[in-house]
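Have a look at the structure below, then the notes.
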Amino acid sequence: MLETGAIIFGLLIGSFLSVCIYRIPLGRSTGLEELEAEQADAEGEEQQDDTQDEEDIAQAINSEHFEDKVTISYPPRSFCPHCGNQLRWWHNIPVFSWIFLLGKCAFCRAPISARYPLVELLSAYFCYLSVTTFPLPTAIVIYLFCAGLIVLSFIDIDYYLLPNVITYPGFLLGIILALINHFFHIFSLPLVPTIWDSLLGVLIGAGVLELIARIYMWLRNKQGLGMGDIKLLGVTGAFFGMEGAIYTMFIGSLLGSFVGIFLILIGQGKLSKYLPFGPYLAVATLLYIFTGKELLVLFFQTLGTVR
Ligand SMILES: [Zn+2]
């Protein structure tokens with residue numbers, strides 16, 4: 001029962017995560033003042049009838065500067081980025097709608113990216129995994145963290161960017177949860193038991209990576225690591241402590257190197273090409289959360305037998 005609930009909940013949240021992935025990078029060029037003015041406008045116009053509203057939005061979507069105006073809450077309903085038509089509720093059912101519509105917009109038949117059902121399925125899978133692996137209060141925090149990683153990874157793949165609007169609140173949440181756990185012991189491992197573990201995690205995670213980035217900058221005179229990667233590792237440290245941060249750094253770099261070398265071998269990549277690092281960090285953190293140190297032990301055992 002709990003498992004079924006977790007899967008349905010994960011699918012629904014996954015739908016929202018797709019919206020975040022699409023909209024957060026678009027909205028970033030909108031200044032805060034502009035945003036507030038817009039919200040005030042929107043409130044004033046609420047009396048307008050629905051059809052007028054829909055026409056306005058459809059018109060706005062086709063206008064040149066529309067992408068600058070998109071926020072998480074505007075426009076309120078999901079729309080087709082190709083034709084601007086607002087989706088009906090039956091176009092919005094996670095995974096199933098995409099299958100029934102054969103991956104095409106119901107209005108203009110433009111293809112809908114397979115990423116939408118993929119994000120929904122990923123979200124459902126990690127919601128299920130969290131609930132079946134951890135006791136409930138811990139599972140909720142772990143799933144929330146997974147959801148954040150899904151959003152960050154896809155935005156990083158698209159834009160080489162890990163937005164502050166996600167990493168900063170994530171960092172703050174990690175510290176607050178550690179503080180709560182410090183006094184009330186609500187959450188179990190791998191979440192940090194004390195505030196000191198959390199602060200040490202931030203220091204090691206963000207601090208050491210910052211140091212590596214500076215040395216790299218000094219040696220090669222170009223940026224090898226994004227500030228976003230450093231912030232993400234700081235967030236990981238805040239939630240999972242020093243051990244989680246070091247594991248993520250190590251396994252993330254290893255995964256990144258393997259994939260990079262593989263891409264060069266099959267002739268798809270170049271040594272100088274910049275690859276987003278966020279997804280590797282995300283996968284590494286997920287491995288840490290759900291498999292503990294097993295992979296690391298296996299790695300060093302293999303290294304031992306080779307030697
Ligand atoms: Zn369309």
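Residue numbers start at 1 in each chain; chains themselves are named A, B, ... in the order of the structure tokens; ligands are numbered from 1 in the order shown.
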
- Item | Near-ligand residues for ligand 1, threshold 7 Å, only C-alpha atoms and all ligand atoms, as a list of chain:residue names |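 Checked against 7 Å with only C-alpha atoms and all ligand atoms; the hits are A:Cys80, A:Pro81, A:His82, A:Cys83, A:Gly84, A:Asn85, A:Cys105, A:Ala106, A:Phe107, A:Cys108, A:Arg109, A:Ala110.
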
Which residues are near range 128-139 of chain A? Cut-off 10 Å, only C-alpha atoms, ignore same chain within fewer than 3 positions. Put them as a PDB file with C-alpha atoms, in the first residue's frame.
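File produced: around26.pdb:
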```pdb
ATOM      1  CA  LEU A   2       2.758   2.400   1.011  1.00  0.00           C
ATOM      2  CA  GLU A   3       4.754   1.279  -2.031  1.00  0.00           C
ATOM      3  CA  THR A   4       1.889   1.960  -4.470  1.00  0.00           C
ATOM      4  CA  GLY A   5       1.276   5.342  -2.837  1.00  0.00           C
ATOM      5  CA  ALA A   6       4.969   6.186  -3.147  1.00  0.00           C
ATOM      6  CA  ILE A   7       4.995   5.353  -6.875  1.00  0.00           C
ATOM      7  CA  ILE A   8       1.885   7.452  -7.604  1.00  0.00           C
ATOM      8  CA  PHE A   9       3.203  10.326  -5.477  1.00  0.00           C
ATOM      9  CA  GLY A  10       6.592  10.073  -7.228  1.00  0.00           C
ATOM     10  CA  LEU A 122      12.957   8.468 -12.249  1.00  0.00           C
ATOM     11  CA  SER A 123      11.034  10.427  -9.632  1.00  0.00           C
ATOM     12  CA  ALA A 124       8.669   7.488  -8.993  1.00  0.00           C
ATOM     13  CA  TYR A 125      11.586   5.046  -8.756  1.00  0.00           C
ATOM     14  CA  ILE A 142      16.021  11.505   1.063  1.00  0.00           C
ATOM     15  CA  TYR A 143      13.329  11.634  -1.634  1.00  0.00           C
ATOM     16  CA  LEU A 144      13.284  15.435  -1.536  1.00  0.00           C
ATOM     17  CA  PHE A 145      17.053  15.407  -2.015  1.00  0.00           C
ATOM     18  CA  CYS A 146      16.729  12.949  -4.943  1.00  0.00           C
ATOM     19  CA  ILE A 186      14.408  12.316  14.109  1.00  0.00           C
ATOM     20  CA  PHE A 187      16.399  11.223  11.056  1.00  0.00           C
ATOM     21  CA  SER A 188      18.632   8.187  10.719  1.00  0.00           C
ATOM     22  CA  LEU A 189      21.776   7.600   8.660  1.00  0.00           C
ATOM     23  CA  PRO A 190      22.942   8.426   6.030  1.00  0.00           C
ATOM     24  CA  LEU A 191      21.602  11.858   7.097  1.00  0.00           C
ATOM     25  CA  ILE A 289      22.653   7.121  -0.299  1.00  0.00           C
ATOM     26  CA  PHE A 290      21.361   3.757  -1.486  1.00  0.00           C
TER      27      PHE A 290
END
```

- Task: Quick one: everything within 6 Å of Ala284 in chain A, counting only C-alpha atoms, minus sequence neighbours fewer than 3 positions away in the same chain. Send it as a PyMOL selection string.
- Result: chain A and resi 248+251-252+281+287

Selected residues, N, CA and C atoms, written as a short mmCIF file (atom, residue, chain, number, x, y, z; two decimals), in the first residue's frame, please.
```
data_model
loop_
_atom_site.label_atom_id
_atom_site.label_comp_id
_atom_site.auth_asym_id
_atom_site.auth_seq_id
_atom_site.Cartn_x
_atom_site.Cartn_y
_atom_site.Cartn_z
N THR A 248 31.17 11.29 -2.79
CA THR A 248 30.60 11.89 -3.99
C THR A 248 31.69 12.46 -4.89
N ILE A 251 33.82 9.21 -6.33
CA ILE A 251 33.07 8.39 -7.30
C ILE A 251 32.60 9.25 -8.48
N GLY A 252 32.20 10.50 -8.20
CA GLY A 252 31.76 11.41 -9.26
C GLY A 252 32.87 11.67 -10.27
N LEU A 281 28.11 13.99 -10.22
CA LEU A 281 28.03 14.19 -8.77
C LEU A 281 26.71 13.65 -8.24
N LEU A 287 24.34 6.85 -5.35
CA LEU A 287 24.99 5.58 -5.02
C LEU A 287 25.36 5.55 -3.53
#
```

- Query: Quick one: distance from CA of Leu199 in chain A to CA of Pro276 in chain A in Å, one decimal?
  - Reply: 26.4 Å

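Among A:Ser113, A:Gln301, A:Thr236, A:Gln86, the residue with the shortest atom-to-atom distance to Asp197 in chain A, counting only C-alpha atoms, is A:Thr236.
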
- Message: Quick check, in Å to one decimal: how far apart do CA of Pro163 in chain A and CA of Ala206 in chain A lie?
- Response: 15.8 Å

- Item | One-decimal distance in Å that lies between CA of Leu161 in chain A and CA of Gly226 in chain A |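 Computing it gives 8.2 Å between the two atoms.
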
What lies within 12 Å of Leu209 in chain A using only C-alpha atoms, ignoring chain neighbours under 2 positions off, as a PDB file with N, CA and C atoms, in the first residue's frame?
```pdb
ATOM      1  N   GLY A 201      30.964  18.540   6.815  1.00  0.00           N
ATOM      2  CA  GLY A 201      30.650  18.103   5.449  1.00  0.00           C
ATOM      3  C   GLY A 201      30.714  19.256   4.467  1.00  0.00           C
ATOM      4  N   VAL A 202      30.137  20.398   4.856  1.00  0.00           N
ATOM      5  CA  VAL A 202      30.162  21.589   3.995  1.00  0.00           C
ATOM      6  C   VAL A 202      31.609  22.038   3.773  1.00  0.00           C
ATOM      7  N   LEU A 203      32.353  22.069   4.871  1.00  0.00           N
ATOM      8  CA  LEU A 203      33.750  22.529   4.824  1.00  0.00           C
ATOM      9  C   LEU A 203      34.577  21.637   3.905  1.00  0.00           C
ATOM     10  N   ILE A 204      34.448  20.324   4.081  1.00  0.00           N
ATOM     11  CA  ILE A 204      35.218  19.378   3.261  1.00  0.00           C
ATOM     12  C   ILE A 204      34.692  19.393   1.821  1.00  0.00           C
ATOM     13  N   GLY A 205      33.360  19.322   1.678  1.00  0.00           N
ATOM     14  CA  GLY A 205      32.757  19.258   0.341  1.00  0.00           C
ATOM     15  C   GLY A 205      33.069  20.478  -0.492  1.00  0.00           C
ATOM     16  N   ALA A 206      32.609  21.623  -0.050  1.00  0.00           N
ATOM     17  CA  ALA A 206      32.794  22.845  -0.831  1.00  0.00           C
ATOM     18  C   ALA A 206      34.233  23.343  -0.723  1.00  0.00           C
ATOM     19  N   GLY A 207      34.820  23.247   0.469  1.00  0.00           N
ATOM     20  CA  GLY A 207      36.163  23.784   0.724  1.00  0.00           C
ATOM     21  C   GLY A 207      37.233  23.097  -0.104  1.00  0.00           C
ATOM     22  N   LEU A 211      39.387  24.472  -3.326  1.00  0.00           N
ATOM     23  CA  LEU A 211      40.857  24.452  -3.330  1.00  0.00           C
ATOM     24  C   LEU A 211      41.373  23.812  -4.626  1.00  0.00           C
ATOM     25  N   ILE A 212      40.768  22.658  -4.990  1.00  0.00           N
ATOM     26  CA  ILE A 212      41.163  21.979  -6.233  1.00  0.00           C
ATOM     27  C   ILE A 212      40.934  22.908  -7.429  1.00  0.00           C
ATOM     28  N   ALA A 213      39.776  23.577  -7.420  1.00  0.00           N
ATOM     29  CA  ALA A 213      39.441  24.483  -8.520  1.00  0.00           C
ATOM     30  C   ALA A 213      40.476  25.601  -8.634  1.00  0.00           C
ATOM     31  N   ARG A 214      40.895  26.138  -7.474  1.00  0.00           N
ATOM     32  CA  ARG A 214      41.869  27.232  -7.476  1.00  0.00           C
ATOM     33  C   ARG A 214      43.230  26.763  -7.983  1.00  0.00           C
ATOM     34  N   ILE A 215      43.650  25.560  -7.543  1.00  0.00           N
ATOM     35  CA  ILE A 215      44.937  25.020  -7.991  1.00  0.00           C
ATOM     36  C   ILE A 215      44.906  24.795  -9.502  1.00  0.00           C
ATOM     37  N   TYR A 216      43.791  24.228  -9.964  1.00  0.00           N
ATOM     38  CA  TYR A 216      43.628  23.967 -11.403  1.00  0.00           C
ATOM     39  C   TYR A 216      43.714  25.270 -12.194  1.00  0.00           C
ATOM     40  N   GLY A 224      38.215  24.705 -14.575  1.00  0.00           N
ATOM     41  CA  GLY A 224      37.927  23.292 -14.761  1.00  0.00           C
ATOM     42  C   GLY A 224      36.655  22.886 -14.050  1.00  0.00           C
ATOM     43  N   LEU A 225      36.356  23.566 -12.965  1.00  0.00           N
ATOM     44  CA  LEU A 225      35.183  23.234 -12.168  1.00  0.00           C
ATOM     45  C   LEU A 225      34.290  24.465 -12.061  1.00  0.00           C
ATOM     46  N   GLY A 226      32.989  24.238 -12.222  1.00  0.00           N
ATOM     47  CA  GLY A 226      32.074  25.357 -12.080  1.00  0.00           C
ATOM     48  C   GLY A 226      31.806  25.650 -10.611  1.00  0.00           C
ATOM     49  N   MET A 227      31.443  26.904 -10.319  1.00  0.00           N
ATOM     50  CA  MET A 227      31.037  27.258  -8.958  1.00  0.00           C
ATOM     51  C   MET A 227      29.830  26.421  -8.531  1.00  0.00           C
ATOM     52  N   GLY A 228      28.978  26.103  -9.512  1.00  0.00           N
ATOM     53  CA  GLY A 228      27.783  25.307  -9.221  1.00  0.00           C
ATOM     54  C   GLY A 228      28.147  23.938  -8.661  1.00  0.00           C
ATOM     55  N   ASP A 229      29.198  23.316  -9.223  1.00  0.00           N
ATOM     56  CA  ASP A 229      29.631  22.004  -8.738  1.00  0.00           C
ATOM     57  C   ASP A 229      30.083  22.099  -7.283  1.00  0.00           C
ATOM     58  N   ILE A 230      30.809  23.178  -6.980  1.00  0.00           N
ATOM     59  CA  ILE A 230      31.311  23.383  -5.616  1.00  0.00           C
ATOM     60  C   ILE A 230      30.134  23.551  -4.649  1.00  0.00           C
ATOM     61  N   LYS A 231      29.150  24.342  -5.076  1.00  0.00           N
ATOM     62  CA  LYS A 231      27.974  24.561  -4.211  1.00  0.00           C
ATOM     63  C   LYS A 231      27.207  23.256  -4.000  1.00  0.00           C
ATOM     64  N   LEU A 232      27.059  22.472  -5.094  1.00  0.00           N
ATOM     65  CA  LEU A 232      26.319  21.208  -4.981  1.00  0.00           C
ATOM     66  C   LEU A 232      27.007  20.269  -3.987  1.00  0.00           C
ATOM     67  N   LEU A 233      28.332  20.224  -4.044  1.00  0.00           N
ATOM     68  CA  LEU A 233      29.045  19.349  -3.127  1.00  0.00           C
ATOM     69  C   LEU A 233      28.927  19.861  -1.683  1.00  0.00           C
ATOM     70  N   GLY A 234      28.830  21.175  -1.542  1.00  0.00           N
ATOM     71  CA  GLY A 234      28.577  21.757  -0.226  1.00  0.00           C
ATOM     72  C   GLY A 234      27.226  21.304   0.317  1.00  0.00           C
ATOM     73  N   GLY A 237      27.447  17.766   1.417  1.00  0.00           N
ATOM     74  CA  GLY A 237      28.116  17.729   2.714  1.00  0.00           C
ATOM     75  C   GLY A 237      27.184  18.109   3.850  1.00  0.00           C
ATOM     76  N   ALA A 245      30.365  13.630   1.279  1.00  0.00           N
ATOM     77  CA  ALA A 245      30.995  14.586   0.363  1.00  0.00           C
ATOM     78  C   ALA A 245      32.225  13.988  -0.308  1.00  0.00           C
ATOM     79  N   ILE A 246      33.074  13.315   0.487  1.00  0.00           N
ATOM     80  CA  ILE A 246      34.290  12.720  -0.076  1.00  0.00           C
ATOM     81  C   ILE A 246      33.933  11.610  -1.060  1.00  0.00           C
ATOM     82  N   THR A 248      31.172  11.286  -2.790  1.00  0.00           N
ATOM     83  CA  THR A 248      30.599  11.888  -3.992  1.00  0.00           C
ATOM     84  C   THR A 248      31.690  12.459  -4.891  1.00  0.00           C
ATOM     85  N   MET A 249      32.662  13.147  -4.272  1.00  0.00           N
ATOM     86  CA  MET A 249      33.747  13.753  -5.017  1.00  0.00           C
ATOM     87  C   MET A 249      34.542  12.670  -5.748  1.00  0.00           C
ATOM     88  N   PHE A 250      34.868  11.602  -5.014  1.00  0.00           N
ATOM     89  CA  PHE A 250      35.704  10.540  -5.552  1.00  0.00           C
ATOM     90  C   PHE A 250      34.987   9.759  -6.649  1.00  0.00           C
ATOM     91  N   SER A 253      34.095  11.926  -9.773  1.00  0.00           N
ATOM     92  CA  SER A 253      35.236  12.172 -10.661  1.00  0.00           C
ATOM     93  C   SER A 253      35.553  10.917 -11.468  1.00  0.00           C
TER      94      SER A 253
END
```

- Got a sec to tell me which of range 58-241 of chain A DSSP assigns to alpha helix (DSSP H), as a PyMOL selection string? chain A and resi 58-62+66-69+96-100+115-133+136-159+164-184+195-202+209-220+227-241

- Counting only C-alpha atoms, what is within 6 Å of Ala238 in chain A, bar same-chain residues fewer than 3 positions away, as a ChimeraX atom specification? /A:174-175,198,201-202,235,241

- What lies within 12 Å of Ile93 in chain A using only C-alpha atoms, ignoring chain neighbours under 4 positions off, as a list in words? Ile8, Leu11, Leu12, Ile13, Gly14, Ser15, Phe16, Ser78, Leu87, Arg88, Trp89, Ser97, Trp98, Ile99, Phe100, Leu101, Tyr116, Pro117 and Glu120 of chain A

How about saving the chosen residues, C-alpha atoms kept, as a compact mmCIF listing (two decimals), in the first residue's frame?
```txt
# COMPACT_ATOMS: atom_id res chain seq x y z
CA ILE A 8 1.88 7.45 -7.60
CA LEU A 11 4.95 10.21 -10.68
CA LEU A 12 2.94 13.31 -9.77
CA ILE A 13 5.94 15.09 -8.27
CA GLY A 14 7.93 14.00 -11.34
CA SER A 15 5.49 15.95 -13.48
CA PHE A 16 6.22 19.04 -11.39
CA SER A 78 1.25 23.65 -18.64
CA LEU A 87 -2.75 21.39 -21.97
CA ARG A 88 -5.97 19.80 -20.69
CA TRP A 89 -5.81 17.69 -17.56
CA SER A 97 -0.55 10.76 -21.43
CA TRP A 98 2.77 10.65 -23.23
CA ILE A 99 2.08 7.04 -24.28
CA PHE A 100 -1.54 7.69 -25.35
CA LEU A 101 -0.51 10.78 -27.32
CA TYR A 116 9.01 14.05 -19.60
CA PRO A 117 8.07 10.40 -18.93
CA GLU A 120 8.44 11.07 -14.01
```
